[in-house]
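Q: The structure is given below, and queries will be raised subsequently.
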Amino acid sequence: MEPFSYTKVPDIRAAVAAGQRGGRFIAGGTTLVDLMRETVERPGTLVDITPLPLAGISPTPGGGLRIGALVRMADAAADPRVRLAFPVVSEALELSASAQLRNMATIGGNIMQRTRCTYFRDVTANCNKRQPGSGCAALDGYNRGHAILGGSAACVATHPSDVAVAFAALEAIVHLQGPGGERAVPFAGFHLQPGSTPDREQALRPGELITAVELPALPRPARSGYLKVRDRQSYEFALTSAAVALSIQGGVIRAAKVAAGGVGTVPWKLPTVERYLLGKRPSDSLWTEAAQRAADGARPLRHNGFKVELLKRTVERQLRVVGGTR
């Protein structure tokens, strides 16, 4: 770990000013500190934002919820309002990391976490995300855990967050505070696909701070859930995952929100699956037919072709569970 300075800010204005000067925000530190130890990240200044009043969960007009950026993952998962209205979020959080990490990590930090790509974390390997222009070792290396959706010639690393998949499915909104004031970014536009600039991962402007994630109300009645497929049931990142929310009224699907994790360079929304479900009656054949669209546009690599079929099966399974026909 290289030398750095540390400062604790008393309010949001001071945090934004410190961020403008190049400081890196830190709260739980469960990702950033590891990357600093491995010299993948080398910030000159850490800005401790834990004193800021961003650790609350509150209702929004219309029946949604606003989750503060500093709410701990464990606290968000256990909150009765989250569990009742958005089970998909609670389940995604509870399937993330270990209990110890969930007690430390924050919602804002979780959606900002960086990839677990082995080559990104190995400073001796070529990685455009870590060192732009150096190349992508994963393209010709061992890429079993890499993306089949959203990749480019510059990067095929997957986004590691579970709860971000749930947020993508629910069409959450990220609230930001920066030098220019407050703004809101739809979750679909918050994470950036790598293209030719994989080092730019979020649509953040210099100095901007995440203040909250807002979950819009789901059409009622609604059911939701999260399924994660991994190599082992203990602490492990997803090979594939599916976040599903359905509103079924009068025996017909009136609203469908579906996203996948472990397969995309960003949390991957599945609009073709959603559109196929709308206006139809739940059935075993419907779930199968809808799930066949989950891997539209997939570009498997040498070692991860199995993810195409695994993604379809994961989405189908979770549609059956949430749709009540398993």
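Starting from 1 in every chain, residues are counted up; chains themselves are A, B, ... following the order of the structure tokens, and ligands are numbered from 1 as listed.
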As number ranges by chain, which residues of stretch 136-304 of chain A does DSSP assign to strand (DSSP E or B)?

A: A: 136, 149, 173-178, 181-186, 191, 202, 209-215, 223-229, 240-249, 252-261, 264, 268-269

Q: Could you find all residues in stretch 61-135 of chain A that DSSP calls alpha helix (DSSP H) from the backbone, and write them as a VMD selection string?

A: chain A and resid 73 to 78 80 to 85 87 to 94 99 to 104 107 to 112 118 to 121

Q: Just to confirm, what's the straight-line distance from atom CA of A:Thr30 to atom CA of A:Arg72 in Å (one decimal)?

A: 11.5 Å

Q: Quick one: residues within 12 Å of A:Ala212, only C-alpha atoms, excluding same-chain residues fewer than 4 positions away - as a ChimeraX atom specification?

A: /A:52-58,65-71,106-109,111,172-177,182-185,187

Q: Would you tabulate, counting only C-alpha atoms, all residues of stretch 194-217 of chain A that have an atom at most 10 Å from an atom of stretch 150-156 of chain A, showing the closest pair of atoms and their distance in Å to one decimal, sorted by chain then ascending number, as JSON lines?

A:
{"residue": "A:Pro194", "atom": "CA", "partner": "A:Cys155", "partner_atom": "CA", "distance": 6.1}
{"residue": "A:Gly195", "atom": "CA", "partner": "A:Ser152", "partner_atom": "CA", "distance": 5.5}
{"residue": "A:Ser196", "atom": "CA", "partner": "A:Ala154", "partner_atom": "CA", "distance": 5.8}
{"residue": "A:Thr197", "atom": "CA", "partner": "A:Ala154", "partner_atom": "CA", "distance": 7.5}
{"residue": "A:Pro198", "atom": "CA", "partner": "A:Cys155", "partner_atom": "CA", "distance": 6.3}
{"residue": "A:Asp199", "atom": "CA", "partner": "A:Cys155", "partner_atom": "CA", "distance": 9.3}

Q: Quick one: everything within 7 Å of A:Tyr6, counting only C-alpha atoms, minus sequence neighbours fewer than 6 positions away in the same chain. Send it as a ChimeraX atom specification.

A: /A:45-47

Q: Set the distance at 12 Å and use only C-alpha atoms: which residues neighbour stretch 273-282 of chain A once local chain neighbours fewer than 3 positions away are removed? I'd like the list as a compact mmCIF listing (two decimals) with N, CA and C atoms, in the first residue's frame.

A:
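Saved result, result-v5.txt, follows:
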# COMPACT_ATOMS: atom_id res chain seq x y z
N ALA A 169 -33.29 -4.14 -12.54
CA ALA A 169 -34.61 -4.69 -12.87
C ALA A 169 -35.71 -3.72 -12.46
N LEU A 170 -35.58 -3.12 -11.28
CA LEU A 170 -36.62 -2.25 -10.73
C LEU A 170 -36.59 -0.84 -11.31
N ALA A 242 -30.56 -13.79 -11.68
CA ALA A 242 -31.76 -13.21 -12.27
C ALA A 242 -32.57 -12.50 -11.21
N ALA A 243 -32.91 -11.25 -11.48
CA ALA A 243 -33.82 -10.47 -10.63
C ALA A 243 -35.12 -10.31 -11.40
N VAL A 244 -36.22 -10.72 -10.79
CA VAL A 244 -37.51 -10.72 -11.47
C VAL A 244 -38.57 -10.08 -10.58
N ALA A 245 -39.39 -9.20 -11.16
CA ALA A 245 -40.56 -8.65 -10.48
C ALA A 245 -41.73 -8.70 -11.46
N LEU A 246 -42.86 -9.27 -11.02
CA LEU A 246 -44.03 -9.42 -11.87
C LEU A 246 -45.27 -8.89 -11.17
N SER A 247 -46.13 -8.25 -11.92
CA SER A 247 -47.46 -7.89 -11.44
C SER A 247 -48.47 -8.63 -12.30
N ILE A 248 -49.24 -9.52 -11.66
CA ILE A 248 -50.22 -10.35 -12.37
C ILE A 248 -51.60 -9.99 -11.85
N GLN A 249 -52.44 -9.48 -12.73
CA GLN A 249 -53.80 -9.08 -12.37
C GLN A 249 -54.79 -9.74 -13.32
N GLY A 250 -55.83 -10.34 -12.73
CA GLY A 250 -56.82 -11.01 -13.56
C GLY A 250 -56.25 -12.15 -14.38
N GLY A 251 -55.19 -12.78 -13.85
CA GLY A 251 -54.57 -13.89 -14.56
C GLY A 251 -53.69 -13.50 -15.72
N VAL A 252 -53.38 -12.19 -15.84
CA VAL A 252 -52.56 -11.70 -16.95
C VAL A 252 -51.39 -10.87 -16.40
N ILE A 253 -50.23 -11.00 -17.02
CA ILE A 253 -49.05 -10.24 -16.59
C ILE A 253 -49.19 -8.80 -17.07
N ARG A 254 -49.31 -7.88 -16.11
CA ARG A 254 -49.49 -6.46 -16.44
C ARG A 254 -48.18 -5.69 -16.40
N ALA A 255 -47.21 -6.17 -15.64
CA ALA A 255 -45.91 -5.52 -15.56
C ALA A 255 -44.85 -6.58 -15.32
N ALA A 256 -43.70 -6.43 -15.98
CA ALA A 256 -42.59 -7.38 -15.83
C ALA A 256 -41.28 -6.62 -15.82
N LYS A 257 -40.46 -6.90 -14.83
CA LYS A 257 -39.15 -6.27 -14.72
C LYS A 257 -38.12 -7.38 -14.48
N VAL A 258 -37.17 -7.49 -15.38
CA VAL A 258 -36.22 -8.61 -15.35
C VAL A 258 -34.81 -8.10 -15.67
N ALA A 259 -33.84 -8.56 -14.91
CA ALA A 259 -32.44 -8.23 -15.18
C ALA A 259 -31.57 -9.41 -14.79
N ALA A 260 -30.35 -9.43 -15.33
CA ALA A 260 -29.43 -10.55 -15.09
C ALA A 260 -28.09 -10.03 -14.60
N TRP A 268 -27.42 -6.22 -16.17
CA TRP A 268 -27.98 -6.33 -17.52
C TRP A 268 -29.50 -6.43 -17.51
N LYS A 269 -30.14 -5.36 -17.92
CA LYS A 269 -31.59 -5.33 -18.06
C LYS A 269 -31.99 -6.19 -19.26
N LEU A 270 -33.15 -6.89 -19.16
CA LEU A 270 -33.59 -7.80 -20.22
C LEU A 270 -34.95 -7.33 -20.79
N SER A 285 -44.91 -23.02 -20.41
CA SER A 285 -44.36 -22.75 -21.74
C SER A 285 -44.00 -21.27 -21.90
N LEU A 286 -44.76 -20.38 -21.27
CA LEU A 286 -44.45 -18.96 -21.37
C LEU A 286 -43.09 -18.64 -20.77
N TRP A 287 -42.82 -19.19 -19.58
CA TRP A 287 -41.53 -18.91 -18.93
C TRP A 287 -40.38 -19.41 -19.81
N THR A 288 -40.54 -20.60 -20.38
CA THR A 288 -39.48 -21.15 -21.24
C THR A 288 -39.26 -20.28 -22.46
N GLU A 289 -40.36 -19.89 -23.10
CA GLU A 289 -40.25 -19.08 -24.32
C GLU A 289 -39.66 -17.71 -24.02
N ALA A 290 -40.07 -17.11 -22.92
CA ALA A 290 -39.53 -15.79 -22.56
C ALA A 290 -38.04 -15.87 -22.25
N ALA A 291 -37.64 -16.90 -21.52
CA ALA A 291 -36.24 -17.03 -21.11
C ALA A 291 -35.31 -17.27 -22.29
N GLN A 292 -35.82 -17.79 -23.38
CA GLN A 292 -34.98 -18.00 -24.56
C GLN A 292 -34.43 -16.69 -25.10
N ARG A 293 -35.06 -15.59 -24.73
CA ARG A 293 -34.63 -14.27 -25.21
C ARG A 293 -33.60 -13.62 -24.28
N ALA A 294 -33.30 -14.28 -23.16
CA ALA A 294 -32.42 -13.67 -22.16
C ALA A 294 -31.00 -13.46 -22.68
N ALA A 295 -30.55 -14.30 -23.57
CA ALA A 295 -29.17 -14.21 -24.05
C ALA A 295 -29.08 -13.57 -25.42
N ASP A 296 -30.12 -12.83 -25.82
CA ASP A 296 -30.06 -12.13 -27.11
C ASP A 296 -28.83 -11.24 -27.17
N LYS A 312 -30.24 -18.61 -19.59
CA LYS A 312 -31.63 -18.90 -19.96
C LYS A 312 -32.32 -19.73 -18.87
N VAL A 315 -32.98 -17.54 -15.67
CA VAL A 315 -34.12 -16.63 -15.85
C VAL A 315 -35.43 -17.42 -15.84
N GLU A 316 -35.45 -18.56 -16.53
CA GLU A 316 -36.67 -19.38 -16.57
C GLU A 316 -37.05 -19.85 -15.17
N LEU A 319 -38.47 -16.92 -13.16
CA LEU A 319 -39.81 -16.55 -13.65
C LEU A 319 -40.85 -17.52 -13.09
N ARG A 320 -40.51 -18.79 -13.06
CA ARG A 320 -41.44 -19.79 -12.51
C ARG A 320 -41.70 -19.55 -11.02
N VAL A 321 -40.63 -19.24 -10.29
CA VAL A 321 -40.75 -19.02 -8.85
C VAL A 321 -41.62 -17.79 -8.57
N VAL A 322 -41.27 -16.67 -9.20
CA VAL A 322 -41.99 -15.44 -8.94
C VAL A 322 -43.41 -15.50 -9.52
N GLY A 323 -43.54 -16.17 -10.66
CA GLY A 323 -44.85 -16.29 -11.29
C GLY A 323 -45.76 -17.28 -10.63
N GLY A 324 -45.23 -18.05 -9.66
CA GLY A 324 -46.06 -18.97 -8.89
C GLY A 324 -46.42 -20.25 -9.59
N THR A 325 -45.60 -20.69 -10.57
CA THR A 325 -45.93 -21.94 -11.29
C THR A 325 -44.79 -22.93 -11.23
N ARG A 326 -43.90 -22.78 -10.27
CA ARG A 326 -42.74 -23.70 -10.23
C ARG A 326 -43.21 -25.10 -9.82

Q: Choose the residue, out of A:Arg220, A:Arg205, A:Arg37, A:Arg42, that has the smallest atom-to-atom separation from A:Gly63; count only C-alpha atoms.

A: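 So, comparing all the options, the nearest one is A:Arg220.
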
Q: Quick one: of A:Ala157, A:Asp48, A:Arg200, A:Pro219, who's nearest to A:Pro132, counting only C-alpha atoms?

A: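 Answer, going by the shortest atom-to-atom distance: A:Arg200.
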
Q: Applying 8 Å and only C-alpha atoms, which residues near A:Ala164 remain after dropping the ones on its own chain fewer than 2 positions away? List them as a list of chain:residue names.

A: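 My reading of the contact set: A:Asn110, A:Ile111, A:Ser161, A:Asp162, A:Ala166, A:Phe167, A:Ala168, A:Pro267.
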
Q: Go ahead and compute the interatomic distance for atom CA of A:Ala217 and atom CA of A:Ser241, in Å to one decimal.

A: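 Distance between the two atoms: 22.6 Å.
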
Q: For A:Gly178, which of A:Gly135, A:Gly207, A:Pro10, A:Pro221 is the closest residue, counting only C-alpha atoms?

A: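 Nearest to A:Gly178: A:Gly207.
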
Q: Between A:Pro51, A:Pro87, A:Gly44, A:Gly19, which has the minimum distance to A:Ser224 (counting only C-alpha atoms)?

A: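 Among the listed residues, A:Pro87 lies closest to A:Ser224.
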
Q: Considering only C-alpha atoms, can you say which of A:Phe4, A:Tyr119, A:Phe86, A:Phe25 comes closest to A:Leu218?

A: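 Nearest to A:Leu218: A:Phe86.
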
Q: To one decimal place, how far is atom CA of A:Ser96 from atom CA of A:Phe237 in Å?

A: 7.7 Å
